[in-house]
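Undergrad: I have a structure I would like to understand better, so I am pasting it below and will then ask my questions one at a time.
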Amino acid sequence: ATLDEVQRAPGIFGALKTAVDRDRRPGRFLLTGSANVLLVPSLADSLAGRMEILRLHPLSQSELAERRSGFLDALFEGGFASGRTEMLRADLAERIVNGGYPAPLIRKSPRRRVAWYRNYVETMVQRDIRDLARIRALDLIPRLLEGAASQTARLYNLSDLAGPFRVSRPTIEEYVALLERIFLLERLPSWHSNRLRRLLKTPKLHLCDTGIACALMGLTPETLLEERRTLGPLLETFVLQELRRQAGGYRDDLRFSHFRTRDGAEVDLVIECDARMLAGVEVKASATVRSADFRGLRKLAGAVKERWASGVVLYDGETTVGFGDRLYAVPIRGLWET
C-alpha cells in the first residue's frame, strides 16, 4: 500500500503501528511526503523501530547523464588519474540554473521552468507549512527564502536574514526551521576536532536546489556568468547537492560538514565516511588552480592525520592533476564523469 503526502494524515500512524506489529513482513507500506512527517505536531505515533527513512533528492547530474559516478570512490579509495577534458563554461551556468527537479527539466522554455519553481515554492508554503505550524505571516516566508537564496553557501547569519522584516529574530529562526522541514533549506554544520581549537562553529546556509535559488533571484545562465560574486556561492551549493545526491546511493554512510578556522583557512565540504576516513572538497569558480588554493585542505589533513583520504579542488578547468600527497585539482565535470 502506497500512501502519498502522508504528513497530511498524521492520525493514521497509530493504525499503521498496529498493522506492522501484527505482521512484521517488511515492505508492506510505502509512505511518501514532501515534508518531514516526524515533525508534524499532531503525529499519533513515530513508528520508531518500525520504519526506515529515505531522503529522495532531486536528480543528480550523474543520473541525468544516465551513468554511475565514481567520484566518491576516487575520493575515498583510489585517487584521481591525470587527464584532460573540456571546460564547461556556459554549460555549467545552465546546469546550475536548471537545478535537478524532473518537472522543470522537461520544459523547453526557460520562462516555464522559472514559473514551475516559483509555483512549487508557493505551493509548499501554502500547503505543507500549514500542516507543520500555524503561522499568520505566510506571505513573509517566500521572501525569506529569497533572502536565503542570496546568502547560500555563506555562514548562517540570523541578523542578516531578519534585517528586512519587521518580526523578531526568534520568529525568523522558527521560519528557517520550517523551511528545513520541507526540504527547501539546510544548515551545513561545522566540522570540529579536539586537535584544532580555533575553529568556527557557525553552520553554513544552503538552498536544497540551485534551480529554486536561481528562480527566486531571477538569474539566467547569461546573468549568472556575468555576476561572478553570485556564481561562486551557487556553484558551491551545486556541488554540495550533487554530492549529497550521489551519497544517497553510496555503500557507506557519509556525513557532510564544512571547515573554517579563525585565521581564514577553510574547506567548503568535509565528507566523513563511516567515521573511518575523511576527505575535503574545495570549490572554485575559476578556470585555474594555484597551490594556495589547497591551504585549507592541507590544514585539515594535518588535523585528521591517519584518517585523511584525499583532498580535491574542483574548478572549471581542463586538467586533472596532483598537487602533492593525495591532493588533486579536478575539473567540475569530474563530479559526474569520473
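Each chain of the C-alpha cells is named A, B, ... in the order shown, its residues numbered from 1; ligands are numbered from 1 in display order.
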Could you pull out all residues of range 55-214 of chain A with a DSSP call of alpha helix (DSSP H) and give them as a ChimeraX atom specification?
TA: /A:61-64,71-73,90-98,102-105,110-123,129-132,140-150,158-162,169-181,210-214
Undergrad: Considering only C-alpha atoms, return as a PyMOL selection string whatever protein or nucleic-acid residues lie within 7 Å of range 238-251 of chain A, sequence-local ones (same chain, fewer than 2 positions apart) excluded.
TA: chain A and resi 57+60-61+96+208-210+234-236+253-254
Undergrad: Dump as a Markdown table the rows for residues of range 87-167 of chain A within 12 Å of range 181-196 of chain A: closest atom pair and distance in Å with one decimal, only C-alpha atoms counted, ordered by chain and rising residue number.
TA:
| residue | atom | partner | partner_atom | distance |
| --- | --- | --- | --- | --- |
| A:Tyr117 | CA | A:Leu184 | CA | 11.4 |
| A:Tyr120 | CA | A:Leu184 | CA | 10.5 |
| A:Val121 | CA | A:Leu184 | CA | 8.4 |
| A:Glu122 | CA | A:Leu184 | CA | 11.7 |
| A:Thr123 | CA | A:Ile182 | CA | 11.2 |
| A:Met124 | CA | A:Ile182 | CA | 7.4 |
| A:Val125 | CA | A:Ile182 | CA | 8.7 |
| A:Gln126 | CA | A:Ile182 | CA | 11.6 |
| A:Arg127 | CA | A:Ile182 | CA | 10.4 |
| A:Asp128 | CA | A:Ile182 | CA | 7.1 |
| A:Ile129 | CA | A:Ile182 | CA | 7.5 |
| A:Arg130 | CA | A:Ile182 | CA | 11.1 |
| A:Asp131 | CA | A:Ile182 | CA | 10.5 |
| A:Leu132 | CA | A:Arg181 | CA | 8.5 |
| A:Ala133 | CA | A:Arg181 | CA | 10.8 |
| A:Ile141 | CA | A:Leu184 | CA | 11.3 |
| A:Pro142 | CA | A:Leu184 | CA | 10.7 |
| A:Leu144 | CA | A:Leu185 | CA | 10.9 |
| A:Leu145 | CA | A:Leu185 | CA | 8.1 |
| A:Glu146 | CA | A:Leu185 | CA | 10.9 |
| A:Gly147 | CA | A:Leu185 | CA | 11.5 |
| A:Ala148 | CA | A:Leu185 | CA | 8.2 |
| A:Ala149 | CA | A:Leu185 | CA | 9.0 |
| A:Gln151 | CA | A:Leu185 | CA | 11.3 |
| A:Thr152 | CA | A:Leu185 | CA | 9.2 |
| A:Ala153 | CA | A:Leu188 | CA | 8.9 |
| A:Arg154 | CA | A:Leu188 | CA | 9.9 |
| A:Leu155 | CA | A:Arg187 | CA | 9.1 |
| A:Tyr156 | CA | A:Arg187 | CA | 7.6 |
| A:Asn157 | CA | A:Arg187 | CA | 11.0 |
| A:Leu158 | CA | A:Arg187 | CA | 11.9 |
Undergrad: Create the file for the chosen residues now, containing N, CA and C atoms and written as a PDB file, in the first residue's frame.
TA:
ATOM      1  N   TYR A 117       9.276  26.519 -10.751  1.00  0.00           N
ATOM      2  CA  TYR A 117       9.968  26.623  -9.466  1.00  0.00           C
ATOM      3  C   TYR A 117       9.254  27.592  -8.530  1.00  0.00           C
ATOM      4  N   TYR A 120       6.135  26.008  -7.305  1.00  0.00           N
ATOM      5  CA  TYR A 120       6.448  24.940  -6.364  1.00  0.00           C
ATOM      6  C   TYR A 120       6.673  25.506  -4.964  1.00  0.00           C
ATOM      7  N   VAL A 121       7.462  26.572  -4.892  1.00  0.00           N
ATOM      8  CA  VAL A 121       7.712  27.201  -3.595  1.00  0.00           C
ATOM      9  C   VAL A 121       6.418  27.711  -2.983  1.00  0.00           C
ATOM     10  N   GLU A 122       5.595  28.361  -3.788  1.00  0.00           N
ATOM     11  CA  GLU A 122       4.325  28.889  -3.283  1.00  0.00           C
ATOM     12  C   GLU A 122       3.428  27.764  -2.770  1.00  0.00           C
ATOM     13  N   THR A 123       3.378  26.667  -3.504  1.00  0.00           N
ATOM     14  CA  THR A 123       2.540  25.534  -3.087  1.00  0.00           C
ATOM     15  C   THR A 123       3.055  24.926  -1.788  1.00  0.00           C
ATOM     16  N   MET A 124       4.373  24.764  -1.681  1.00  0.00           N
ATOM     17  CA  MET A 124       4.948  24.196  -0.460  1.00  0.00           C
ATOM     18  C   MET A 124       4.639  25.063   0.750  1.00  0.00           C
ATOM     19  N   VAL A 125       4.713  26.373   0.560  1.00  0.00           N
ATOM     20  CA  VAL A 125       4.447  27.290   1.670  1.00  0.00           C
ATOM     21  C   VAL A 125       2.983  27.235   2.073  1.00  0.00           C
ATOM     22  N   GLN A 126       2.105  27.327   1.087  1.00  0.00           N
ATOM     23  CA  GLN A 126       0.681  27.392   1.386  1.00  0.00           C
ATOM     24  C   GLN A 126       0.127  26.065   1.912  1.00  0.00           C
ATOM     25  N   ARG A 127       0.708  24.945   1.488  1.00  0.00           N
ATOM     26  CA  ARG A 127       0.156  23.648   1.862  1.00  0.00           C
ATOM     27  C   ARG A 127       0.929  22.996   2.995  1.00  0.00           C
ATOM     28  N   ASP A 128       2.222  22.728   2.778  1.00  0.00           N
ATOM     29  CA  ASP A 128       2.970  21.924   3.734  1.00  0.00           C
ATOM     30  C   ASP A 128       3.307  22.679   5.011  1.00  0.00           C
ATOM     31  N   ILE A 129       3.616  23.971   4.905  1.00  0.00           N
ATOM     32  CA  ILE A 129       3.922  24.717   6.124  1.00  0.00           C
ATOM     33  C   ILE A 129       2.680  24.854   6.991  1.00  0.00           C
ATOM     34  N   ARG A 130       1.519  24.948   6.378  1.00  0.00           N
ATOM     35  CA  ARG A 130       0.273  24.971   7.153  1.00  0.00           C
ATOM     36  C   ARG A 130       0.082  23.673   7.932  1.00  0.00           C
ATOM     37  N   ASP A 131       0.549  22.567   7.356  1.00  0.00           N
ATOM     38  CA  ASP A 131       0.430  21.290   8.055  1.00  0.00           C
ATOM     39  C   ASP A 131       1.374  21.201   9.250  1.00  0.00           C
ATOM     40  N   LEU A 132       2.529  21.902   9.163  1.00  0.00           N
ATOM     41  CA  LEU A 132       3.545  21.794  10.200  1.00  0.00           C
ATOM     42  C   LEU A 132       3.369  22.807  11.318  1.00  0.00           C
ATOM     43  N   ALA A 133       2.812  23.963  11.018  1.00  0.00           N
ATOM     44  CA  ALA A 133       2.707  25.017  12.031  1.00  0.00           C
ATOM     45  C   ALA A 133       1.605  25.999  11.650  1.00  0.00           C
ATOM     46  N   ILE A 141       7.292  34.155   4.174  1.00  0.00           N
ATOM     47  CA  ILE A 141       8.213  33.015   4.009  1.00  0.00           C
ATOM     48  C   ILE A 141       8.837  32.960   2.617  1.00  0.00           C
ATOM     49  N   PRO A 142       8.080  33.158   1.507  1.00  0.00           N
ATOM     50  CA  PRO A 142       8.767  33.188   0.210  1.00  0.00           C
ATOM     51  C   PRO A 142       9.822  34.284   0.121  1.00  0.00           C
ATOM     52  N   LEU A 144      11.543  35.422   2.673  1.00  0.00           N
ATOM     53  CA  LEU A 144      12.652  34.943   3.494  1.00  0.00           C
ATOM     54  C   LEU A 144      13.490  33.933   2.726  1.00  0.00           C
ATOM     55  N   LEU A 145      12.839  33.044   1.978  1.00  0.00           N
ATOM     56  CA  LEU A 145      13.569  32.061   1.183  1.00  0.00           C
ATOM     57  C   LEU A 145      14.375  32.745   0.088  1.00  0.00           C
ATOM     58  N   GLU A 146      13.831  33.799  -0.481  1.00  0.00           N
ATOM     59  CA  GLU A 146      14.572  34.561  -1.492  1.00  0.00           C
ATOM     60  C   GLU A 146      15.816  35.199  -0.869  1.00  0.00           C
ATOM     61  N   GLY A 147      15.669  35.719   0.356  1.00  0.00           N
ATOM     62  CA  GLY A 147      16.824  36.268   1.049  1.00  0.00           C
ATOM     63  C   GLY A 147      17.854  35.208   1.351  1.00  0.00           C
ATOM     64  N   ALA A 148      17.389  34.012   1.722  1.00  0.00           N
ATOM     65  CA  ALA A 148      18.306  32.911   1.991  1.00  0.00           C
ATOM     66  C   ALA A 148      19.029  32.487   0.719  1.00  0.00           C
ATOM     67  N   ALA A 149      18.333  32.545  -0.426  1.00  0.00           N
ATOM     68  CA  ALA A 149      18.966  32.183  -1.701  1.00  0.00           C
ATOM     69  C   ALA A 149      20.144  33.106  -1.999  1.00  0.00           C
ATOM     70  N   GLN A 151      22.044  34.325   0.145  1.00  0.00           N
ATOM     71  CA  GLN A 151      23.107  34.048   1.107  1.00  0.00           C
ATOM     72  C   GLN A 151      23.540  32.589   1.086  1.00  0.00           C
ATOM     73  N   THR A 152      23.149  31.845   0.062  1.00  0.00           N
ATOM     74  CA  THR A 152      23.510  30.433   0.034  1.00  0.00           C
ATOM     75  C   THR A 152      25.027  30.251   0.046  1.00  0.00           C
ATOM     76  N   ALA A 153      25.485  29.198   0.745  1.00  0.00           N
ATOM     77  CA  ALA A 153      26.897  28.847   0.874  1.00  0.00           C
ATOM     78  C   ALA A 153      27.671  29.836   1.750  1.00  0.00           C
ATOM     79  N   ARG A 154      26.964  30.661   2.504  1.00  0.00           N
ATOM     80  CA  ARG A 154      27.627  31.583   3.429  1.00  0.00           C
ATOM     81  C   ARG A 154      27.313  31.186   4.863  1.00  0.00           C
ATOM     82  N   LEU A 155      28.118  31.676   5.781  1.00  0.00           N
ATOM     83  CA  LEU A 155      27.875  31.384   7.189  1.00  0.00           C
ATOM     84  C   LEU A 155      26.500  31.886   7.592  1.00  0.00           C
ATOM     85  N   TYR A 156      25.793  31.057   8.328  1.00  0.00           N
ATOM     86  CA  TYR A 156      24.431  31.385   8.742  1.00  0.00           C
ATOM     87  C   TYR A 156      24.438  32.610   9.654  1.00  0.00           C
ATOM     88  N   ASN A 157      23.746  33.662   9.222  1.00  0.00           N
ATOM     89  CA  ASN A 157      23.689  34.913   9.976  1.00  0.00           C
ATOM     90  C   ASN A 157      22.224  35.290  10.157  1.00  0.00           C
ATOM     91  N   LEU A 158      21.697  34.989  11.335  1.00  0.00           N
ATOM     92  CA  LEU A 158      20.286  35.233  11.599  1.00  0.00           C
ATOM     93  C   LEU A 158      19.941  36.711  11.538  1.00  0.00           C
TER      94      LEU A 158
END
Undergrad: Which of these residues is nearest to Gly99 in chain A, using only C-alpha atoms: A:Thr220, A:Thr338, A:Ser291, A:Thr202?
TA: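 Smallest distance to Gly99 in chain A is found for A:Thr220.
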Undergrad: For the atom pair CA of Leu269 in chain A and CA of Ser257 in chain A, what is the interatomic distance in Å to one decimal place?
TA: 5.8 Å
Undergrad: Using only C-alpha atoms, can you tell me which of A:Leu178, A:Leu161, A:Leu327, A:Leu231 comes closest to Gly78 in chain A?
TA: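 Selected residue with least distance to Gly78 in chain A: A:Leu327.
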Undergrad: At a cut-off of 12 Å, using only C-alpha atoms, what residues contact Val312 in chain A? Leave out same-chain residues fewer than 6 positions from it and give the result as a PyMOL selection string.
TA: chain A and resi 71-72+74-76+79-80+267-271+278-284+289+291+293-298+301+320-332+334-335
Undergrad: Restricting the calculation to only C-alpha atoms: of A:Arg143, A:Lys17, A:Arg95, A:Arg111, which residue gets closest to Asp45 in chain A?
TA: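 Closest candidate: A:Lys17.
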Undergrad: With distances taken over only C-alpha atoms, which of A:Phe13, A:Glu5, A:Asp23, A:Glu174 is nearest to Ala35 in chain A?
TA: A:Glu5
Undergrad: Just list the residues in range 183-295 of chain A DSSP gives strand (DSSP E or B) on the backbone, as an NGL selection string.
TA: :A and (185-188 or 190 or 193 or 196 or 199 or 204-207 or 254-261 or 266-273 or 277-283)
Undergrad: Take the selection from the previous step and output its residues with C-alpha atoms, as a short mmCIF file (atom, residue, chain, number, x, y, z; two decimals), in the first residue's frame.
TA:
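Saved result, result_24.cif, follows:
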data_model
loop_
_atom_site.label_atom_id
_atom_site.label_comp_id
_atom_site.auth_asym_id
_atom_site.auth_seq_id
_atom_site.Cartn_x
_atom_site.Cartn_y
_atom_site.Cartn_z
CA LEU A 185 16.84 24.91 3.14
CA GLU A 186 19.60 23.17 5.02
CA ARG A 187 22.20 24.25 7.55
CA LEU A 188 25.54 22.56 6.95
CA SER A 190 30.85 22.97 11.02
CA SER A 193 38.12 18.38 16.37
CA LEU A 196 42.24 22.26 16.47
CA LEU A 199 37.59 26.53 14.67
CA LYS A 204 26.62 27.38 6.58
CA LEU A 205 23.26 28.03 4.96
CA HIS A 206 22.44 26.26 1.68
CA LEU A 207 19.41 26.07 -0.60
CA LEU A 254 28.57 9.73 4.59
CA ARG A 255 28.32 12.83 6.76
CA PHE A 256 28.78 16.36 5.43
CA SER A 257 30.11 19.47 7.13
CA HIS A 258 32.37 22.47 6.43
CA PHE A 259 35.71 23.51 7.90
CA ARG A 260 36.84 27.01 8.80
CA THR A 261 39.43 28.34 11.24
CA GLU A 266 38.62 26.82 5.09
CA VAL A 267 37.32 23.82 3.20
CA ASP A 268 33.90 24.11 1.61
CA LEU A 269 32.89 20.48 2.15
CA VAL A 270 34.17 17.91 4.62
CA ILE A 271 32.91 14.38 3.98
CA GLU A 272 33.31 11.68 6.63
CA CYS A 273 32.91 8.04 5.64
CA MET A 277 38.01 8.22 6.67
CA LEU A 278 37.67 11.88 5.90
CA ALA A 279 38.00 13.85 2.66
CA GLY A 280 37.78 17.52 1.75
CA VAL A 281 36.38 19.30 -1.30
CA GLU A 282 37.09 22.94 -2.10
CA VAL A 283 35.08 24.62 -4.89
#
Undergrad: What gap, in Å, lies between CA of Arg169 in chain A and CA of Ile135 in chain A?
TA: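 Separation between CA of Arg169 in chain A and CA of Ile135 in chain A: 15.1 Å.
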Undergrad: Excluding Thr32 in chain A and its own-chain neighbours fewer than 4 positions away, which residues fall within 7 Å of it when counting only C-alpha atoms? Please give them as a list of chain:residue names.
TA: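 Contacts, in chain order: A:Leu3, A:Asp4, A:Glu5, A:Val6.
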